[in-house]
Amino acid sequence: IFRYNIFSGPHLFPLFTKMTIQAWFMDDDVETDQRCPHVKQPAESNQVSLEILAKLGVLHWSGISGPEDPLLLKIREDRGYSYFDIIQVAPDKLPNYEAKIKSFFEEHIHYDEEIRYCVEGNGYFDVRGFNDEWIRVSLEAGDMIILPEGIYHRFTCDSNNYIKAMRLFVGEPVWTPYNRSDIDAKKNASRIKYEEKFLKV
């Protein structure tokens, strides 16, 4: 299977599913709208492999055809995701849209995994890398991502301003974000757990 990405030509994957998730190191431009790609230049040398994402604890799948896709159902069963709902993030779907996506873009952690399956549209999840640099992960319809408990991250739509996503959770959902600026990373149990599992050499 050949995959074309925004950086270069074809890449060969040993799977029959087209991998549409892409990731790259972000530039330091804080003036340009958050919904722009913000690819660090030169783009060719700043792409991030899916293997690096995996080492950071970020799990990902592509090619899921819908909520009843057998792959999604198996993931839900294997990981115990008993709860799900559907959220649409768009100017005509989410009240106070501009304020909301700004709040989603605040760097934060959760005390549980964050699981999103992109049903329609596009979006960006930004996660901190091994050197605390921002890595932008691009999702499109059919992609699914799991962010581990305690990882620093944020979310934004892209310039199309639309994503329809399934949110999954083990048991009763808790969506509370804990902003990086408000926690003590040396004492926060979820952050300590993440660092010990993924960042310790």
# chains A, B, ... in the order shown; residues from 1 in each chain; ligands from 1

$ closest_atom_pairs --of "stretch 65-127 of chain A" --to "stretch 159-163 of chain A" --cutoff "8 Å" --atoms "only C-alpha atoms" --output "tab-separated table"
residue	atom	partner	partner_atom	distance
A:Gln88	CA	A:Ile163	CA	5.8
A:Val89	CA	A:Ile163	CA	5.4
A:Ala90	CA	A:Tyr162	CA	4.7
A:Pro91	CA	A:Asn161	CA	7.1
A:Cys118	CA	A:Ile163	CA	7.1
A:Val119	CA	A:Ile163	CA	7.7
A:Glu120	CA	A:Ile163	CA	5.7
A:Gly121	CA	A:Ile163	CA	4.3
A:Asn122	CA	A:Ile163	CA	5.3
A:Gly123	CA	A:Ile163	CA	6.4

$ closest_atom_pairs --of "stretch 107-134 of chain A" --to "stretch 171-194 of chain A" --cutoff "7 Å" --atoms "only C-alpha atoms" --output "JSON lines"
{"residue": "A:Glu107", "atom": "CA", "partner": "A:Asn179", "partner_atom": "CA", "distance": 5.8}
{"residue": "A:His108", "atom": "CA", "partner": "A:Asn179", "partner_atom": "CA", "distance": 4.0}
{"residue": "A:Ile109", "atom": "CA", "partner": "A:Tyr178", "partner_atom": "CA", "distance": 5.3}
{"residue": "A:His110", "atom": "CA", "partner": "A:Pro177", "partner_atom": "CA", "distance": 5.4}
{"residue": "A:Tyr111", "atom": "CA", "partner": "A:Ser190", "partner_atom": "CA", "distance": 5.7}

$ residues_around --residues "stretch 25-28 of chain A" --least-positions-apart "5" --cutoff "8 Å" --atoms "only C-alpha atoms" --output "VMD selection string"
chain A and resid 38 to 41 46 to 48 133 to 136

$ write_last_selection --atoms "N, CA and C atoms" --output "tab-separated table (two decimals), in the first residue's frame"
chain	number	residue	atom	x	y	z
A	38	HIS	N	0.98	24.85	10.65
A	38	HIS	CA	2.14	25.15	11.51
A	38	HIS	C	3.23	24.08	11.39
A	39	VAL	N	3.59	23.73	10.16
A	39	VAL	CA	4.66	22.77	9.93
A	39	VAL	C	6.01	23.47	10.08
A	40	LYS	N	6.86	22.95	10.91
A	40	LYS	CA	8.21	23.50	11.06
A	40	LYS	C	8.99	23.26	9.78
A	41	GLN	N	9.70	24.28	9.32
A	41	GLN	CA	10.46	24.17	8.09
A	41	GLN	C	11.93	23.83	8.36
A	46	ASN	N	11.10	17.50	9.13
A	46	ASN	CA	10.39	17.70	10.40
A	46	ASN	C	9.11	16.87	10.52
A	47	GLN	N	9.00	15.84	9.69
A	47	GLN	CA	7.90	14.91	9.88
A	47	GLN	C	8.22	13.99	11.04
A	48	VAL	N	7.19	13.50	11.69
A	48	VAL	CA	7.33	12.62	12.86
A	48	VAL	C	6.71	11.27	12.51
A	133	GLU	N	8.96	19.60	22.85
A	133	GLU	CA	8.56	20.32	21.64
A	133	GLU	C	7.16	19.86	21.22
A	134	TRP	N	6.45	20.72	20.50
A	134	TRP	CA	5.11	20.37	20.06
A	134	TRP	C	5.18	19.49	18.81
A	135	ILE	N	4.39	18.41	18.83
A	135	ILE	CA	4.18	17.55	17.67
A	135	ILE	C	2.71	17.62	17.31
A	136	ARG	N	2.42	17.96	16.06
A	136	ARG	CA	1.02	18.06	15.61
A	136	ARG	C	0.63	16.76	14.91

$ residues_around --residues "A:Tyr117" --least-positions-apart "5" --cutoff "6 Å" --atoms "only C-alpha atoms" --output "PDB file with N, CA and C atoms, in the first residue's frame"
ATOM      1  N   ASP A 143      -9.878   7.932  11.074  1.00  0.00           N
ATOM      2  CA  ASP A 143      -8.744   7.819  11.991  1.00  0.00           C
ATOM      3  C   ASP A 143      -9.217   7.771  13.433  1.00  0.00           C
ATOM      4  N   MET A 144      -8.449   7.077  14.262  1.00  0.00           N
ATOM      5  CA  MET A 144      -8.721   7.005  15.694  1.00  0.00           C
ATOM      6  C   MET A 144      -7.415   7.200  16.445  1.00  0.00           C
ATOM      7  N   ALA A 165     -16.792  13.653  15.904  1.00  0.00           N
ATOM      8  CA  ALA A 165     -15.946  12.645  16.532  1.00  0.00           C
ATOM      9  C   ALA A 165     -16.717  11.830  17.555  1.00  0.00           C
ATOM     10  N   MET A 166     -16.332  10.578  17.671  1.00  0.00           N
ATOM     11  CA  MET A 166     -16.835   9.714  18.735  1.00  0.00           C
ATOM     12  C   MET A 166     -15.866   9.796  19.905  1.00  0.00           C
TER      13      MET A 166
END

$ select_by_dssp --residues "chain A" --states "strand (DSSP E or B)" --output "PyMOL selection string"
chain A and resi 2-4+10-12+22-26+39+47+59-61+83-89+108-109+114-128+134-140+144-147+153-157+163-169+178-179

$ residues_around --residues "A:Gly129" --least-positions-apart "5" --cutoff "12 Å" --atoms "only C-alpha atoms" --output "JSON, numbers by chain"
{"A": [23, 24, 25, 26, 48, 49, 52, 53, 54, 55, 56, 57, 58, 134, 135, 136, 137, 151, 152, 153, 195, 198, 199]}

$ closest_residue --among "A:Thr20, A:Asp69, A:Ala43, A:Cys157" --to "A:Lys102" --atoms "only C-alpha atoms"
A:Cys157

$ select_by_dssp --residues "stretch 27-85 of chain A" --states "alpha helix (DSSP H)" --output "PyMOL selection string"
chain A and resi 50-55+70-79

$ closest_residue --among "A:Gly150, A:Asp29, A:Asp85, A:Met19" --to "A:Lys197" --atoms "only C-alpha atoms"
A:Gly150

$ decode --residues "stretch 89-104 of chain A" --atoms "all heavy atoms" --output "PDB file, in the first residue's frame"
ATOM      1  N   VAL A  89     -17.903  19.567  16.406  1.00  0.00           N
ATOM      2  CA  VAL A  89     -17.249  20.836  16.696  1.00  0.00           C
ATOM      3  C   VAL A  89     -17.241  21.646  15.405  1.00  0.00           C
ATOM      4  O   VAL A  89     -16.508  21.343  14.461  1.00  0.00           O
ATOM      5  CB  VAL A  89     -15.817  20.623  17.219  1.00  0.00           C
ATOM      6  CG1 VAL A  89     -15.160  21.962  17.539  1.00  0.00           C
ATOM      7  CG2 VAL A  89     -15.824  19.721  18.449  1.00  0.00           C
ATOM      8  N   ALA A  90     -18.084  22.663  15.364  1.00  0.00           N
ATOM      9  CA  ALA A  90     -18.242  23.508  14.177  1.00  0.00           C
ATOM     10  C   ALA A  90     -18.970  24.780  14.608  1.00  0.00           C
ATOM     11  O   ALA A  90     -19.684  24.784  15.614  1.00  0.00           O
ATOM     12  CB  ALA A  90     -19.034  22.776  13.098  1.00  0.00           C
ATOM     13  N   PRO A  91     -18.812  25.853  13.858  1.00  0.00           N
ATOM     14  CA  PRO A  91     -19.463  27.119  14.245  1.00  0.00           C
ATOM     15  C   PRO A  91     -20.968  27.016  14.420  1.00  0.00           C
ATOM     16  O   PRO A  91     -21.539  27.673  15.294  1.00  0.00           O
ATOM     17  CB  PRO A  91     -19.090  28.064  13.091  1.00  0.00           C
ATOM     18  CG  PRO A  91     -17.798  27.532  12.569  1.00  0.00           C
ATOM     19  CD  PRO A  91     -17.920  26.037  12.691  1.00  0.00           C
ATOM     20  N   ASP A  92     -21.624  26.188  13.600  1.00  0.00           N
ATOM     21  CA  ASP A  92     -23.081  26.078  13.682  1.00  0.00           C
ATOM     22  C   ASP A  92     -23.547  24.915  14.556  1.00  0.00           C
ATOM     23  O   ASP A  92     -24.748  24.673  14.680  1.00  0.00           O
ATOM     24  CB  ASP A  92     -23.690  25.949  12.282  1.00  0.00           C
ATOM     25  CG  ASP A  92     -23.209  24.710  11.550  1.00  0.00           C
ATOM     26  OD1 ASP A  92     -22.139  24.183  11.918  1.00  0.00           O
ATOM     27  OD2 ASP A  92     -23.891  24.265  10.609  1.00  0.00           O
ATOM     28  N   LYS A  93     -22.599  24.207  15.160  1.00  0.00           N
ATOM     29  CA  LYS A  93     -22.947  23.055  15.989  1.00  0.00           C
ATOM     30  C   LYS A  93     -22.598  23.254  17.457  1.00  0.00           C
ATOM     31  O   LYS A  93     -23.215  22.645  18.330  1.00  0.00           O
ATOM     32  CB  LYS A  93     -22.230  21.795  15.482  1.00  0.00           C
ATOM     33  CG  LYS A  93     -22.522  21.418  14.040  1.00  0.00           C
ATOM     34  CD  LYS A  93     -23.954  20.981  13.855  1.00  0.00           C
ATOM     35  CE  LYS A  93     -24.193  20.500  12.421  1.00  0.00           C
ATOM     36  NZ  LYS A  93     -25.612  20.099  12.202  1.00  0.00           N
ATOM     37  N   LEU A  94     -21.614  24.094  17.734  1.00  0.00           N
ATOM     38  CA  LEU A  94     -21.121  24.270  19.094  1.00  0.00           C
ATOM     39  C   LEU A  94     -21.276  25.728  19.501  1.00  0.00           C
ATOM     40  O   LEU A  94     -20.642  26.613  18.907  1.00  0.00           O
ATOM     41  CB  LEU A  94     -19.643  23.858  19.164  1.00  0.00           C
ATOM     42  CG  LEU A  94     -19.004  23.801  20.544  1.00  0.00           C
ATOM     43  CD1 LEU A  94     -19.650  22.708  21.393  1.00  0.00           C
ATOM     44  CD2 LEU A  94     -17.498  23.559  20.418  1.00  0.00           C
ATOM     45  N   PRO A  95     -22.121  26.032  20.481  1.00  0.00           N
ATOM     46  CA  PRO A  95     -22.291  27.418  20.930  1.00  0.00           C
ATOM     47  C   PRO A  95     -20.953  28.016  21.381  1.00  0.00           C
ATOM     48  O   PRO A  95     -20.113  27.325  21.941  1.00  0.00           O
ATOM     49  CB  PRO A  95     -23.265  27.284  22.106  1.00  0.00           C
ATOM     50  CG  PRO A  95     -23.989  26.000  21.862  1.00  0.00           C
ATOM     51  CD  PRO A  95     -23.004  25.095  21.204  1.00  0.00           C
ATOM     52  N   ASN A  96     -20.784  29.307  21.090  1.00  0.00           N
ATOM     53  CA  ASN A  96     -19.535  29.998  21.445  1.00  0.00           C
ATOM     54  C   ASN A  96     -18.314  29.281  20.873  1.00  0.00           C
ATOM     55  O   ASN A  96     -17.310  29.062  21.558  1.00  0.00           O
ATOM     56  CB  ASN A  96     -19.405  30.122  22.966  1.00  0.00           C
ATOM     57  CG  ASN A  96     -20.562  30.873  23.594  1.00  0.00           C
ATOM     58  OD1 ASN A  96     -20.965  31.930  23.106  1.00  0.00           O
ATOM     59  ND2 ASN A  96     -21.107  30.311  24.664  1.00  0.00           N
ATOM     60  N   TYR A  97     -18.418  28.935  19.595  1.00  0.00           N
ATOM     61  CA  TYR A  97     -17.421  28.102  18.932  1.00  0.00           C
ATOM     62  C   TYR A  97     -16.002  28.639  19.096  1.00  0.00           C
ATOM     63  O   TYR A  97     -15.088  27.904  19.489  1.00  0.00           O
ATOM     64  CB  TYR A  97     -17.764  27.962  17.449  1.00  0.00           C
ATOM     65  CG  TYR A  97     -16.689  27.270  16.639  1.00  0.00           C
ATOM     66  CD1 TYR A  97     -16.520  25.895  16.713  1.00  0.00           C
ATOM     67  CD2 TYR A  97     -15.843  27.994  15.794  1.00  0.00           C
ATOM     68  CE1 TYR A  97     -15.538  25.240  15.975  1.00  0.00           C
ATOM     69  CE2 TYR A  97     -14.859  27.353  15.055  1.00  0.00           C
ATOM     70  CZ  TYR A  97     -14.712  25.983  15.150  1.00  0.00           C
ATOM     71  OH  TYR A  97     -13.731  25.359  14.420  1.00  0.00           O
ATOM     72  N   GLU A  98     -15.782  29.914  18.781  1.00  0.00           N
ATOM     73  CA  GLU A  98     -14.424  30.460  18.824  1.00  0.00           C
ATOM     74  C   GLU A  98     -13.838  30.390  20.233  1.00  0.00           C
ATOM     75  O   GLU A  98     -12.665  30.043  20.417  1.00  0.00           O
ATOM     76  CB  GLU A  98     -14.405  31.901  18.309  1.00  0.00           C
ATOM     77  CG  GLU A  98     -14.686  32.032  16.813  1.00  0.00           C
ATOM     78  CD  GLU A  98     -13.580  31.426  15.956  1.00  0.00           C
ATOM     79  OE1 GLU A  98     -12.444  31.326  16.436  1.00  0.00           O
ATOM     80  OE2 GLU A  98     -13.872  31.055  14.809  1.00  0.00           O
ATOM     81  N   ALA A  99     -14.637  30.696  21.237  1.00  0.00           N
ATOM     82  CA  ALA A  99     -14.167  30.607  22.612  1.00  0.00           C
ATOM     83  C   ALA A  99     -13.890  29.163  23.004  1.00  0.00           C
ATOM     84  O   ALA A  99     -12.913  28.871  23.719  1.00  0.00           O
ATOM     85  CB  ALA A  99     -15.196  31.222  23.564  1.00  0.00           C
ATOM     86  N   LYS A 100     -14.717  28.237  22.517  1.00  0.00           N
ATOM     87  CA  LYS A 100     -14.546  26.829  22.857  1.00  0.00           C
ATOM     88  C   LYS A 100     -13.248  26.264  22.292  1.00  0.00           C
ATOM     89  O   LYS A 100     -12.503  25.575  22.991  1.00  0.00           O
ATOM     90  CB  LYS A 100     -15.730  26.010  22.333  1.00  0.00           C
ATOM     91  CG  LYS A 100     -17.003  26.154  23.141  1.00  0.00           C
ATOM     92  CD  LYS A 100     -16.882  25.456  24.488  1.00  0.00           C
ATOM     93  CE  LYS A 100     -18.220  25.419  25.207  1.00  0.00           C
ATOM     94  NZ  LYS A 100     -18.099  24.771  26.531  1.00  0.00           N
ATOM     95  N   ILE A 101     -12.973  26.556  21.004  1.00  0.00           N
ATOM     96  CA  ILE A 101     -11.758  25.958  20.446  1.00  0.00           C
ATOM     97  C   ILE A 101     -10.510  26.598  21.048  1.00  0.00           C
ATOM     98  O   ILE A 101      -9.455  25.965  21.105  1.00  0.00           O
ATOM     99  CB  ILE A 101     -11.729  26.009  18.903  1.00  0.00           C
ATOM    100  CG1 ILE A 101     -11.757  27.443  18.361  1.00  0.00           C
ATOM    101  CG2 ILE A 101     -12.856  25.185  18.320  1.00  0.00           C
ATOM    102  CD1 ILE A 101     -11.384  27.502  16.889  1.00  0.00           C
ATOM    103  N   LYS A 102     -10.630  27.829  21.514  1.00  0.00           N
ATOM    104  CA  LYS A 102      -9.505  28.429  22.231  1.00  0.00           C
ATOM    105  C   LYS A 102      -9.286  27.708  23.563  1.00  0.00           C
ATOM    106  O   LYS A 102      -8.145  27.492  23.986  1.00  0.00           O
ATOM    107  CB  LYS A 102      -9.731  29.923  22.434  1.00  0.00           C
ATOM    108  CG  LYS A 102      -9.438  30.768  21.190  1.00  0.00           C
ATOM    109  CD  LYS A 102      -9.610  32.232  21.460  1.00  0.00           C
ATOM    110  CE  LYS A 102      -9.140  33.114  20.304  1.00  0.00           C
ATOM    111  NZ  LYS A 102      -9.204  32.531  18.984  1.00  0.00           N
ATOM    112  N   SER A 103     -10.362  27.329  24.225  1.00  0.00           N
ATOM    113  CA  SER A 103     -10.229  26.606  25.488  1.00  0.00           C
ATOM    114  C   SER A 103      -9.677  25.198  25.253  1.00  0.00           C
ATOM    115  O   SER A 103      -8.880  24.701  26.049  1.00  0.00           O
ATOM    116  CB  SER A 103     -11.573  26.535  26.218  1.00  0.00           C
ATOM    117  OG  SER A 103     -12.482  25.681  25.555  1.00  0.00           O
ATOM    118  N   PHE A 104     -10.081  24.546  24.140  1.00  0.00           N
ATOM    119  CA  PHE A 104      -9.546  23.225  23.813  1.00  0.00           C
ATOM    120  C   PHE A 104      -8.043  23.298  23.547  1.00  0.00           C
ATOM    121  O   PHE A 104      -7.329  22.308  23.685  1.00  0.00           O
ATOM    122  CB  PHE A 104     -10.228  22.648  22.570  1.00  0.00           C
ATOM    123  CG  PHE A 104     -11.700  22.378  22.718  1.00  0.00           C
ATOM    124  CD1 PHE A 104     -12.507  22.305  21.593  1.00  0.00           C
ATOM    125  CD2 PHE A 104     -12.285  22.205  23.960  1.00  0.00           C
ATOM    126  CE1 PHE A 104     -13.862  22.054  21.699  1.00  0.00           C
ATOM    127  CE2 PHE A 104     -13.647  21.964  24.081  1.00  0.00           C
ATOM    128  CZ  PHE A 104     -14.438  21.888  22.945  1.00  0.00           C
TER     129      PHE A 104
END
